[in-house]
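Working notes for the structure below.
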Amino acid sequence: MEKYIVKGGNPLKGRVPISGAKNAALGILAAAVMTDEPVTIENVPLVRDTDVIIQAVKSVGAGVTFKEKNVLEIDGSTITSIDIQYDQVKRIRASYYLIGALLGKYKEAKVALPGGCDIGSRPIDMHIKGFTALGADVDIMPGGIVWARAKKLTGAHIYFDMVSVGATINLMMAACMAEGETILENAAKEPHIVDVANFLNAMGAKIKGAGTDVIRIKGVNKLHAVTYPIIPDQIEAGTFMVAAAITGGDVTVCDVIPKHLESISAKLVEMGCEVEEGDDSVRVISKGRLQSTNIKTLPYPGFPTDMQPQFAAALAVAEGMSIVTEGVFDNRFRYVDEMFRMGAKGNLEGNTFYIKGVEKLMGAELCAPDLRAGAALVLAALAAEGFSEIEDIHLIQRGYEDFDGKIRSLGGHIQIITNEHDAQKFKLKVG
Ligand code: UD1
């Protein structure tokens with residue numbers, strides 16, 4: 001079993017390239033099968049979640065070829081089935097995008113119900129309500145398979161009860177091949193919603209308003225070939241920005257869109273860091289001990305829930321009391337007990353974590369509870385005194401390409417180990 005071993009205490013310094021956005025890639029890789037012409041997708045992040053979608057798309061017969069390391073060609077013309085089996089997708093929730101994509105193109109999809117991070121109850125009722133409004137019959141079959149089918153899809157006026165990234169993307173995909181106009185109200189506005197819409201439009205879809213809360217989609221009969229680069233990952237960039245802050249370092253995240261990082265930059269400035277924005281880079285320079293602040297996660301352009309655990313790690317060593325409130329998911333604090341074992345102080349009440357900053361965290365044996373919480377524990381370990389070992393790193397690898405390699409390139413001490421011998425070797429090497 002692979003683990004990370006980390007020795008804390010080294011400030012991270014240097015420039016780090018940011019990969020393509022995982023959450024945009026999941027939508028785009030699914031949407032790519034909606035045309036029978038070959039689609040080339042650039043800047044695909046090589047992470048476990050994208051691999052799951054790639055395997056799922058292959059399993060129904062699509063052609064998938066890596067042209068270069070992060071460049072993928074998908075050929076939807078060879079698809080022979082609309083049936084995505086549980087084994088293919090059980091590990092990720094975003095497999096539900098294959099419902100929207102296959103239903104849009106073939107008017108039928110059978111996709112196993114999603115898995116993904118255990119961060120609270122994550123129903124897909126709004127996705128189903130939306131498909132039904134477009135004229136599909138949707139049943140949950142034995143074995144947890146969602147079966148959606150329609151004679152034809154017809155544009156509809158859909159109002160989402162809650163802002164949902166997944167439901168917005170899924171309905172955009174299905175509606176772009178429905179007859180007539182669909183209006184999505186109370187849509188999510190995250191950067192990856194805009195990226196998936198831009199991708200679909202580049203294939204010939206007619207989507208307007210992505211990035212606002214009303215999206216209008218005029219259905220088309222056919223989509224066509226395109227070459228498309230995925231936007232940089234807001235959350236990977238944010239994680240390295242916090243890595244600079246928590247370790248007292250100086251890190252420039254490169255190949256990013258600074259506008260997508262504004263809420264993260266603003267918090268780091270409040271916490272006492274200097275943040276310099278370039279055209280496609282952001283530099284975070286630590287200026288001594290971090291200061292406390294309060295955070296409440298909200299849908300974009302609010303503070304991202306996917307950055308909540310990483311900031312909590314930084315606030316655990318900030319001066320003073322901080323309050324972190326989770327406003328999107330109902331179980332996103334499963335890292336708190338792990339941080340307490342590193343010497344963090346505070347208390348958790350419902351969806352609010354009251355943090356009393358300490359001067360130093362101590363290395364410990366840790367277990368990653370989910371993707372972002374796992375990354376937060378790595379950051380805490382990089383700032384802590386002594387060695388930490390972190391288990392269940394496959395969860396972290398769901399969303400970070402070469403996480404340990406990038407940290408090492410900034411001077412952090414981290415290694416993947418599989419046994420005690422590796423651990424001893426690492427300890428001898430880094431002292
Ligand atoms: C996406 C992101 C995830 C991020 C989240 C919020 C992907 C692959 N994942 O997840 O990294 O943390 O957005 O920014 O892009 N809800 C319902 N019914 C539904 C759909 C959602 O009640 O049909 C609820 C969820 O339980 C949750 C809230 O709405 O409480 C937001 O969920 P949603 O925006 O859909 O998140 P995901 O698309 O799963």
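Every chain in the structure tokens has a letter given in the order shown (A, B, ...), and although residue numbers restart at 1 in each chain, ligands are simply numbered from 1 in the order shown.
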
(Q) Run DSSP on the backbone and tell me which residues of range 117-167 of chain A come out as helix (DSSP H, G or I); list them as a list in words. (A) Asp125, Met126, His127, Ile128, Lys129, Gly130, Phe131, Thr132, Ala133, Val165, Gly166 and Ala167 of chain A

Q) Just asking: which residues within range 201-401 of chain A are strand (DSSP E) according to DSSP, as a VMD selection string? A) chain A and resid 206 to 208 214 to 218 226 to 229 250 to 254 274 to 277 281 to 285 294 to 296 321 to 325 345 to 349 352 to 356 365 to 367 387 to 391

Q: Using only C-alpha atoms and all ligand atoms, pick whichever of A:Ser388, A:Thr35, A:Thr297, A:Thr154 has the shortest atom-to-atom distance to ligand 1.
A: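 Smallest separation from ligand 1 among the options: A:Thr297.
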
9 Å shell around ligand 1 using only C-alpha atoms and all ligand atoms, listed as a CSV table (one decimal) with all heavy atoms, in the first residue's frame:
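Okay, pocket_37.csv is ready:
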```csv
chain,number,residue,atom,x,y,z
A,22,LYS,N,-9.3,19.4,-13.3
A,22,LYS,CA,-9.9,18.1,-13.2
A,22,LYS,C,-11.4,18.1,-13.4
A,22,LYS,O,-12.0,17.4,-14.2
A,22,LYS,CB,-9.6,17.5,-11.8
A,22,LYS,CG,-10.4,16.2,-11.6
A,22,LYS,CD,-10.4,15.7,-10.1
A,22,LYS,CE,-11.4,16.5,-9.3
A,22,LYS,NZ,-12.5,15.8,-8.7
A,23,ASN,N,-12.1,19.1,-12.8
A,23,ASN,CA,-13.6,19.1,-12.8
A,23,ASN,C,-14.1,19.5,-14.2
A,23,ASN,O,-15.1,19.1,-14.6
A,23,ASN,CB,-14.1,19.9,-11.7
A,23,ASN,CG,-14.0,19.3,-10.4
A,23,ASN,OD1,-13.7,18.1,-10.3
A,23,ASN,ND2,-14.3,20.0,-9.3
A,24,ALA,N,-13.3,20.3,-14.9
A,24,ALA,CA,-13.7,20.7,-16.3
A,24,ALA,C,-13.4,19.4,-17.2
A,24,ALA,O,-14.2,19.1,-18.0
A,24,ALA,CB,-12.8,21.9,-16.8
A,25,ALA,N,-12.3,18.8,-16.9
A,25,ALA,CA,-11.9,17.6,-17.8
A,25,ALA,C,-13.0,16.5,-17.7
A,25,ALA,O,-13.3,15.9,-18.7
A,25,ALA,CB,-10.5,17.1,-17.3
A,26,LEU,N,-13.5,16.3,-16.5
A,26,LEU,CA,-14.5,15.2,-16.4
A,26,LEU,C,-15.7,15.5,-17.2
A,26,LEU,O,-16.2,14.6,-17.9
A,26,LEU,CB,-14.9,15.1,-14.9
A,26,LEU,CG,-13.7,14.6,-14.0
A,26,LEU,CD1,-14.2,14.6,-12.5
A,26,LEU,CD2,-13.2,13.2,-14.4
A,27,GLY,N,-16.2,16.8,-17.3
A,27,GLY,CA,-17.3,17.1,-18.1
A,27,GLY,C,-16.9,17.1,-19.6
A,27,GLY,O,-17.7,16.5,-20.4
A,49,ASP,N,-9.2,10.4,-11.4
A,49,ASP,CA,-10.6,10.6,-11.8
A,49,ASP,C,-10.7,10.7,-13.3
A,49,ASP,O,-11.7,10.2,-13.9
A,49,ASP,CB,-11.1,11.9,-11.2
A,49,ASP,CG,-11.6,11.7,-9.8
A,49,ASP,OD1,-11.4,10.6,-9.2
A,49,ASP,OD2,-12.4,12.6,-9.3
A,92,ILE,N,-16.0,7.3,-8.9
A,92,ILE,CA,-16.2,8.8,-9.1
A,92,ILE,C,-17.6,9.2,-9.4
A,92,ILE,O,-18.3,8.5,-10.1
A,92,ILE,CB,-15.3,9.4,-10.1
A,92,ILE,CG1,-15.6,8.9,-11.5
A,92,ILE,CG2,-13.8,9.2,-9.8
A,92,ILE,CD1,-15.0,9.9,-12.5
A,93,ARG,N,-18.0,10.3,-8.7
A,93,ARG,CA,-19.3,10.8,-8.8
A,93,ARG,C,-19.6,11.4,-10.2
A,93,ARG,O,-20.7,11.3,-10.7
A,93,ARG,CB,-19.4,11.9,-7.7
A,93,ARG,CG,-20.7,12.6,-7.7
A,93,ARG,CD,-20.8,13.4,-6.5
A,93,ARG,NE,-21.8,14.4,-6.6
A,93,ARG,CZ,-23.1,14.2,-6.4
A,93,ARG,NH1,-23.5,13.0,-6.0
A,93,ARG,NH2,-24.0,15.2,-6.5
A,94,ALA,N,-18.5,12.0,-10.8
A,94,ALA,CA,-18.7,12.7,-12.1
A,94,ALA,C,-19.0,11.8,-13.2
A,94,ALA,O,-19.3,12.2,-14.3
A,94,ALA,CB,-17.5,13.5,-12.4
A,95,SER,N,-19.1,10.4,-12.9
A,95,SER,CA,-19.5,9.5,-14.0
A,95,SER,C,-20.9,9.9,-14.4
A,95,SER,O,-21.4,9.5,-15.5
A,95,SER,CB,-19.5,8.1,-13.4
A,95,SER,OG,-20.2,8.1,-12.2
A,97,TYR,N,-21.9,12.5,-15.6
A,97,TYR,CA,-21.9,13.3,-16.8
A,97,TYR,C,-22.1,12.4,-18.1
A,97,TYR,O,-22.5,12.9,-19.1
A,97,TYR,CB,-20.5,14.0,-17.0
A,97,TYR,CG,-20.4,15.1,-16.0
A,97,TYR,CD1,-19.1,15.4,-15.5
A,97,TYR,CD2,-21.4,15.9,-15.6
A,97,TYR,CE1,-18.9,16.5,-14.6
A,97,TYR,CE2,-21.3,16.9,-14.7
A,97,TYR,CZ,-20.0,17.2,-14.2
A,97,TYR,OH,-19.9,18.2,-13.3
A,116,GLY,N,-17.5,8.5,-5.5
A,116,GLY,CA,-16.9,9.8,-5.3
A,116,GLY,C,-16.5,10.0,-3.8
A,116,GLY,O,-16.6,9.2,-3.0
A,117,CYS,N,-16.1,11.3,-3.5
A,117,CYS,CA,-15.7,11.6,-2.2
A,117,CYS,C,-16.8,11.5,-1.2
A,117,CYS,O,-17.9,11.9,-1.5
A,117,CYS,CB,-15.2,13.0,-2.2
A,117,CYS,SG,-13.4,13.1,-2.5
A,119,ILE,N,-18.2,13.2,1.3
A,119,ILE,CA,-18.2,14.5,2.0
A,119,ILE,C,-19.6,14.9,2.3
A,119,ILE,O,-19.9,16.0,2.3
A,119,ILE,CB,-17.5,15.5,1.2
A,119,ILE,CG1,-18.0,15.6,-0.3
A,119,ILE,CG2,-16.0,15.3,1.2
A,119,ILE,CD1,-17.3,16.7,-1.1
A,120,GLY,N,-20.5,13.9,2.4
A,120,GLY,CA,-21.8,14.2,2.8
A,120,GLY,C,-22.8,13.6,1.8
A,120,GLY,O,-22.4,13.0,0.8
A,121,SER,N,-24.1,13.7,2.1
A,121,SER,CA,-25.0,13.1,1.2
A,121,SER,C,-25.0,14.0,-0.1
A,121,SER,O,-25.1,15.2,-0.1
A,121,SER,CB,-26.4,13.1,1.8
A,121,SER,OG,-27.2,14.2,1.4
A,122,ARG,N,-24.9,13.3,-1.2
A,122,ARG,CA,-24.8,14.0,-2.5
A,122,ARG,C,-25.8,13.4,-3.5
A,122,ARG,O,-25.4,12.7,-4.4
A,122,ARG,CB,-23.4,13.9,-3.0
A,122,ARG,CG,-22.4,14.5,-2.1
A,122,ARG,CD,-21.0,14.3,-2.5
A,122,ARG,NE,-20.5,15.2,-3.5
A,122,ARG,CZ,-19.3,15.2,-4.0
A,122,ARG,NH1,-18.4,14.4,-3.5
A,122,ARG,NH2,-18.9,16.0,-5.0
A,123,PRO,N,-27.1,13.8,-3.3
A,123,PRO,CA,-28.1,13.2,-4.2
A,123,PRO,C,-27.9,13.8,-5.6
A,123,PRO,O,-27.2,14.8,-5.9
A,123,PRO,CB,-29.4,13.7,-3.6
A,123,PRO,CG,-29.1,14.9,-2.8
A,123,PRO,CD,-27.6,14.7,-2.4
A,124,ILE,N,-28.6,13.1,-6.6
A,124,ILE,CA,-28.6,13.7,-8.0
A,124,ILE,C,-30.1,13.9,-8.4
A,124,ILE,O,-30.4,13.8,-9.6
A,124,ILE,CB,-27.9,12.7,-9.0
A,124,ILE,CG1,-28.5,11.4,-9.0
A,124,ILE,CG2,-26.4,12.7,-8.7
A,124,ILE,CD1,-28.1,10.6,-10.3
A,125,ASP,N,-30.9,14.3,-7.4
A,125,ASP,CA,-32.3,14.5,-7.8
A,125,ASP,C,-32.5,15.6,-8.8
A,125,ASP,O,-33.4,15.5,-9.7
A,125,ASP,CB,-33.1,14.8,-6.5
A,125,ASP,CG,-32.5,15.9,-5.7
A,125,ASP,OD1,-31.3,15.9,-5.4
A,125,ASP,OD2,-33.2,16.9,-5.4
A,126,MET,N,-31.7,16.6,-8.7
A,126,MET,CA,-31.9,17.8,-9.7
A,126,MET,C,-31.5,17.4,-11.1
A,126,MET,O,-32.1,17.9,-12.0
A,126,MET,CB,-31.2,19.0,-9.2
A,126,MET,CG,-31.8,19.6,-7.9
A,126,MET,SD,-31.2,21.2,-7.5
A,126,MET,CE,-29.5,20.8,-7.1
A,127,HIS,N,-30.5,16.5,-11.2
A,127,HIS,CA,-30.1,16.0,-12.5
A,127,HIS,C,-31.3,15.3,-13.1
A,127,HIS,O,-31.7,15.5,-14.3
A,127,HIS,CB,-29.0,15.0,-12.5
A,127,HIS,CG,-27.7,15.5,-11.8
A,127,HIS,ND1,-26.5,15.4,-12.4
A,127,HIS,CD2,-27.5,16.0,-10.6
A,127,HIS,CE1,-25.6,15.9,-11.5
A,127,HIS,NE2,-26.2,16.3,-10.4
A,128,ILE,N,-31.9,14.4,-12.3
A,128,ILE,CA,-33.0,13.5,-12.8
A,128,ILE,C,-34.2,14.4,-13.1
A,128,ILE,O,-34.9,14.2,-14.2
A,128,ILE,CB,-33.4,12.5,-11.7
A,128,ILE,CG1,-32.1,11.5,-11.6
A,128,ILE,CG2,-34.6,11.7,-12.1
A,128,ILE,CD1,-32.3,10.5,-10.6
A,129,LYS,N,-34.5,15.4,-12.2
A,129,LYS,CA,-35.6,16.3,-12.5
A,129,LYS,C,-35.4,17.0,-13.8
A,129,LYS,O,-36.4,17.2,-14.6
A,129,LYS,CB,-35.7,17.3,-11.4
A,129,LYS,CG,-37.1,17.7,-10.9
A,129,LYS,CD,-37.1,18.4,-9.6
A,129,LYS,CE,-37.5,19.9,-9.8
A,129,LYS,NZ,-37.5,20.7,-8.6
A,160,PHE,N,-33.3,25.3,-11.1
A,160,PHE,CA,-32.7,24.4,-10.1
A,160,PHE,C,-33.0,24.9,-8.7
A,160,PHE,O,-32.8,26.1,-8.4
A,160,PHE,CB,-31.2,24.4,-10.3
A,160,PHE,CG,-30.7,23.8,-11.5
A,160,PHE,CD1,-30.0,24.5,-12.5
A,160,PHE,CD2,-30.9,22.5,-11.8
A,160,PHE,CE1,-29.6,24.0,-13.7
A,160,PHE,CE2,-30.5,21.9,-13.0
A,160,PHE,CZ,-29.8,22.6,-13.9
A,161,ASP,N,-33.4,24.0,-7.8
A,161,ASP,CA,-33.7,24.4,-6.4
A,161,ASP,C,-32.5,24.8,-5.7
A,161,ASP,O,-32.5,25.7,-4.8
A,161,ASP,CB,-34.3,23.2,-5.6
A,161,ASP,CG,-35.6,22.7,-6.3
A,161,ASP,OD1,-36.3,23.6,-6.9
A,161,ASP,OD2,-36.0,21.5,-6.2
A,162,MET,N,-31.4,24.2,-6.0
A,162,MET,CA,-30.1,24.5,-5.3
A,162,MET,C,-29.1,24.7,-6.5
A,162,MET,O,-29.2,24.2,-7.5
A,162,MET,CB,-29.6,23.4,-4.5
A,162,MET,CG,-30.2,23.1,-3.2
A,162,MET,SD,-29.6,21.6,-2.5
A,162,MET,CE,-28.0,22.2,-1.9
A,163,VAL,N,-28.0,25.5,-6.2
A,163,VAL,CA,-27.0,25.7,-7.2
A,163,VAL,C,-26.1,24.4,-7.2
A,163,VAL,O,-25.5,24.0,-6.2
A,163,VAL,CB,-26.1,26.9,-6.8
A,163,VAL,CG1,-25.0,27.1,-7.8
A,163,VAL,CG2,-26.9,28.2,-6.7
A,164,SER,N,-26.1,23.8,-8.3
A,164,SER,CA,-25.4,22.5,-8.5
A,164,SER,C,-24.5,22.5,-9.7
A,164,SER,O,-25.0,22.7,-10.8
A,164,SER,CB,-26.3,21.3,-8.5
A,164,SER,OG,-25.7,20.2,-9.0
A,165,VAL,N,-23.2,22.3,-9.5
A,165,VAL,CA,-22.2,22.2,-10.6
A,165,VAL,C,-22.6,21.1,-11.5
A,165,VAL,O,-22.7,21.2,-12.7
A,165,VAL,CB,-20.8,22.0,-10.0
A,165,VAL,CG1,-19.8,21.7,-11.1
A,165,VAL,CG2,-20.4,23.3,-9.2
A,166,GLY,N,-22.8,19.9,-10.9
A,166,GLY,CA,-23.0,18.7,-11.7
A,166,GLY,C,-24.3,18.8,-12.5
A,166,GLY,O,-24.3,18.4,-13.7
A,167,ALA,N,-25.4,19.2,-11.8
A,167,ALA,CA,-26.7,19.3,-12.5
A,167,ALA,C,-26.6,20.3,-13.7
A,167,ALA,O,-27.2,20.1,-14.8
A,167,ALA,CB,-27.8,19.6,-11.6
A,168,THR,N,-25.9,21.4,-13.5
A,168,THR,CA,-25.8,22.4,-14.5
A,168,THR,C,-25.1,21.9,-15.7
A,168,THR,O,-25.6,22.0,-16.9
A,168,THR,CB,-25.1,23.7,-14.0
A,168,THR,OG1,-25.8,24.2,-12.8
A,168,THR,CG2,-25.0,24.8,-15.0
A,169,ILE,N,-24.0,21.2,-15.5
A,169,ILE,CA,-23.2,20.7,-16.6
A,169,ILE,C,-24.0,19.5,-17.3
A,169,ILE,O,-24.1,19.5,-18.6
A,169,ILE,CB,-21.8,20.1,-16.2
A,169,ILE,CG1,-20.9,21.3,-15.8
A,169,ILE,CG2,-21.1,19.3,-17.2
A,169,ILE,CD1,-19.5,21.0,-15.3
A,188,ALA,N,-25.2,27.0,-11.8
A,188,ALA,CA,-23.9,27.2,-11.1
A,188,ALA,C,-23.0,28.0,-12.1
A,188,ALA,O,-23.2,28.0,-13.3
A,188,ALA,CB,-23.2,25.9,-10.8
A,190,GLU,N,-19.3,28.2,-11.8
A,190,GLU,CA,-17.9,27.9,-11.6
A,190,GLU,C,-17.2,28.0,-13.0
A,190,GLU,O,-17.8,27.8,-14.0
A,190,GLU,CB,-17.8,26.5,-11.1
A,190,GLU,CG,-17.7,26.3,-9.6
A,190,GLU,CD,-19.0,26.6,-8.9
A,190,GLU,OE1,-20.0,26.9,-9.6
A,190,GLU,OE2,-19.1,26.5,-7.7
A,192,HIS,N,-15.3,26.0,-14.4
A,192,HIS,CA,-15.4,24.8,-15.3
A,192,HIS,C,-16.8,24.6,-15.9
A,192,HIS,O,-16.9,23.9,-16.9
A,192,HIS,CB,-15.0,23.5,-14.5
A,192,HIS,CG,-15.5,23.3,-13.2
A,192,HIS,ND1,-15.1,24.0,-12.1
A,192,HIS,CD2,-16.5,22.4,-12.7
A,192,HIS,CE1,-15.8,23.6,-11.0
A,192,HIS,NE2,-16.6,22.6,-11.4
A,193,ILE,N,-17.8,25.3,-15.4
A,193,ILE,CA,-19.1,25.3,-16.2
A,193,ILE,C,-18.8,26.1,-17.5
A,193,ILE,O,-19.3,25.6,-18.6
A,193,ILE,CB,-20.2,26.1,-15.4
A,193,ILE,CG1,-20.3,25.6,-14.0
A,193,ILE,CG2,-21.5,26.2,-16.2
A,193,ILE,CD1,-21.3,24.5,-13.8
A,235,ILE,N,-8.2,24.7,-8.2
A,235,ILE,CA,-8.0,24.1,-6.8
A,235,ILE,C,-6.6,23.6,-6.7
A,235,ILE,O,-6.0,23.8,-5.6
A,235,ILE,CB,-9.0,23.0,-6.6
A,235,ILE,CG1,-10.5,23.5,-6.8
A,235,ILE,CG2,-8.9,22.4,-5.1
A,235,ILE,CD1,-10.9,24.7,-6.0
A,298,LEU,N,-19.0,28.9,-0.3
A,298,LEU,CA,-20.3,29.2,-1.1
A,298,LEU,C,-20.0,28.8,-2.5
A,298,LEU,O,-18.9,28.7,-3.0
A,298,LEU,CB,-20.5,30.7,-1.1
A,298,LEU,CG,-21.0,31.3,0.3
A,298,LEU,CD1,-21.0,32.8,0.2
A,298,LEU,CD2,-22.4,30.8,0.6
A,299,PRO,N,-21.1,28.6,-3.3
A,299,PRO,CA,-20.9,28.4,-4.8
A,299,PRO,C,-20.1,29.6,-5.4
A,299,PRO,O,-20.2,30.7,-4.8
A,299,PRO,CB,-22.3,28.4,-5.3
A,299,PRO,CG,-23.2,28.0,-4.2
A,299,PRO,CD,-22.5,28.6,-3.0
A,300,TYR,N,-19.4,29.4,-6.5
A,300,TYR,CA,-18.6,30.4,-7.2
A,300,TYR,C,-19.5,31.6,-7.5
A,300,TYR,O,-20.7,31.4,-7.9
A,300,TYR,CB,-18.1,29.8,-8.5
A,300,TYR,CG,-17.1,30.7,-9.2
A,300,TYR,CD1,-15.7,30.7,-8.8
A,300,TYR,CD2,-17.4,31.5,-10.2
A,300,TYR,CE1,-14.8,31.5,-9.4
A,300,TYR,CE2,-16.5,32.3,-10.8
A,300,TYR,CZ,-15.2,32.3,-10.4
A,300,TYR,OH,-14.2,33.1,-11.1
A,304,PRO,N,-14.4,28.7,-2.5
A,304,PRO,CA,-14.7,27.3,-3.0
A,304,PRO,C,-14.6,26.3,-1.8
A,304,PRO,O,-13.6,26.3,-1.1
A,304,PRO,CB,-13.6,27.0,-4.0
A,304,PRO,CG,-12.6,28.1,-3.9
A,304,PRO,CD,-13.1,29.3,-3.1
A,305,THR,N,-15.6,25.5,-1.7
A,305,THR,CA,-15.6,24.4,-0.7
A,305,THR,C,-14.4,23.5,-0.9
A,305,THR,O,-13.9,22.9,0.0
A,305,THR,CB,-16.9,23.6,-0.8
A,305,THR,OG1,-16.8,22.4,0.0
A,305,THR,CG2,-17.3,23.1,-2.2
A,306,ASP,N,-13.9,23.3,-2.2
A,306,ASP,CA,-12.8,22.4,-2.4
A,306,ASP,C,-11.5,23.0,-1.9
A,306,ASP,O,-10.4,22.3,-1.9
A,306,ASP,CB,-12.6,22.2,-3.9
A,306,ASP,CG,-13.7,21.2,-4.4
A,306,ASP,OD1,-14.5,20.7,-3.6
A,306,ASP,OD2,-13.7,20.9,-5.6
A,307,MET,N,-11.5,24.3,-1.4
A,307,MET,CA,-10.3,24.8,-0.7
A,307,MET,C,-10.4,24.9,0.8
A,307,MET,O,-9.5,25.4,1.5
A,307,MET,CB,-10.0,26.3,-1.3
A,307,MET,CG,-9.4,26.3,-2.7
A,307,MET,SD,-7.9,25.4,-2.8
A,307,MET,CE,-6.8,26.2,-1.6
A,327,GLY,N,-20.6,25.8,3.7
A,327,GLY,CA,-21.9,26.1,3.3
A,327,GLY,C,-22.4,25.3,2.1
A,327,GLY,O,-23.5,25.6,1.5
A,328,VAL,N,-21.6,24.3,1.6
A,328,VAL,CA,-22.0,23.5,0.5
A,328,VAL,C,-22.3,22.1,0.8
A,328,VAL,O,-23.4,21.6,0.5
A,328,VAL,CB,-21.0,23.6,-0.7
A,328,VAL,CG1,-21.4,22.8,-1.9
A,328,VAL,CG2,-20.7,25.1,-1.1
A,329,PHE,N,-21.4,21.4,1.5
A,329,PHE,CA,-21.6,20.0,1.8
A,329,PHE,C,-21.8,19.8,3.3
A,329,PHE,O,-21.4,20.6,4.1
A,329,PHE,CB,-20.4,19.2,1.3
A,329,PHE,CG,-20.3,19.1,-0.2
A,329,PHE,CD1,-19.3,19.7,-0.9
A,329,PHE,CD2,-21.2,18.3,-0.9
A,329,PHE,CE1,-19.2,19.7,-2.3
A,329,PHE,CE2,-21.2,18.3,-2.3
A,329,PHE,CZ,-20.2,18.9,-3.0
A,330,ASP,N,-22.4,18.6,3.7
A,330,ASP,CA,-22.7,18.5,5.1
A,330,ASP,C,-21.7,17.6,5.8
A,330,ASP,O,-21.9,17.2,7.0
A,330,ASP,CB,-24.1,18.0,5.3
A,330,ASP,CG,-24.4,16.7,4.5
A,330,ASP,OD1,-23.4,16.0,4.2
A,330,ASP,OD2,-25.6,16.4,4.3
A,372,ARG,N,-9.6,16.4,-1.1
A,372,ARG,CA,-9.1,17.8,-0.7
A,372,ARG,C,-8.6,17.7,0.8
A,372,ARG,O,-7.6,18.4,1.1
A,372,ARG,CB,-10.1,18.8,-0.9
A,372,ARG,CG,-10.7,18.9,-2.3
A,372,ARG,CD,-9.6,19.1,-3.3
A,372,ARG,NE,-10.2,19.0,-4.7
A,372,ARG,CZ,-9.5,19.1,-5.8
A,372,ARG,NH1,-8.1,19.2,-5.7
A,372,ARG,NH2,-10.0,18.9,-7.0
```

Q: Please provide as a VMD selection string all residues within 12 Å of Met34 in chain A, with the sequence filter that same-chain residues fewer than 6 positions apart are discarded (counting only C-alpha atoms).
A: chain A and resid 27 to 28 57 62 74 to 79 82 97 to 107 173 to 177 199 to 200 203 to 205 220 to 226

Q: Quote the spacing between CA of Phe333 in chain A and CA of Gly374 in chain A in Å to one decimal place.
A: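 Spanning CA of Phe333 in chain A to CA of Gly374 in chain A is a straight-line distance of 11.2 Å.
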
Q | Pairwise distance for CA of Gly144 in chain A and CA of His157 in chain A, rounded to one decimal in Å | A |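 Rounded to one decimal, the two atoms are 28.1 Å apart.
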
**Q.** Nearby residues (only C-alpha atoms) at most 12 Å from Thr65 in chain A, same-chain spacing under 3 positions excluded, as a list in words
**A.**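 Listed by chain and then number, they are Pro38, Val39, Thr40, Ile41, Ile54, Gln55, Val57, Lys58, Ala62, Glu68, Lys69, Asn70, Val71, Leu72, Glu73, Ile74, Asp75 and Gly76 of chain A.
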
Q.
List the spatial neighbours of range 406-412 of chain A as a PyMOL selection string - criterion: any atom at most 7 Å away, only C-alpha atoms, same-chain residues fewer than 3 positions off excluded.
A. chain A and resi 10+12-14+16+382+402-403
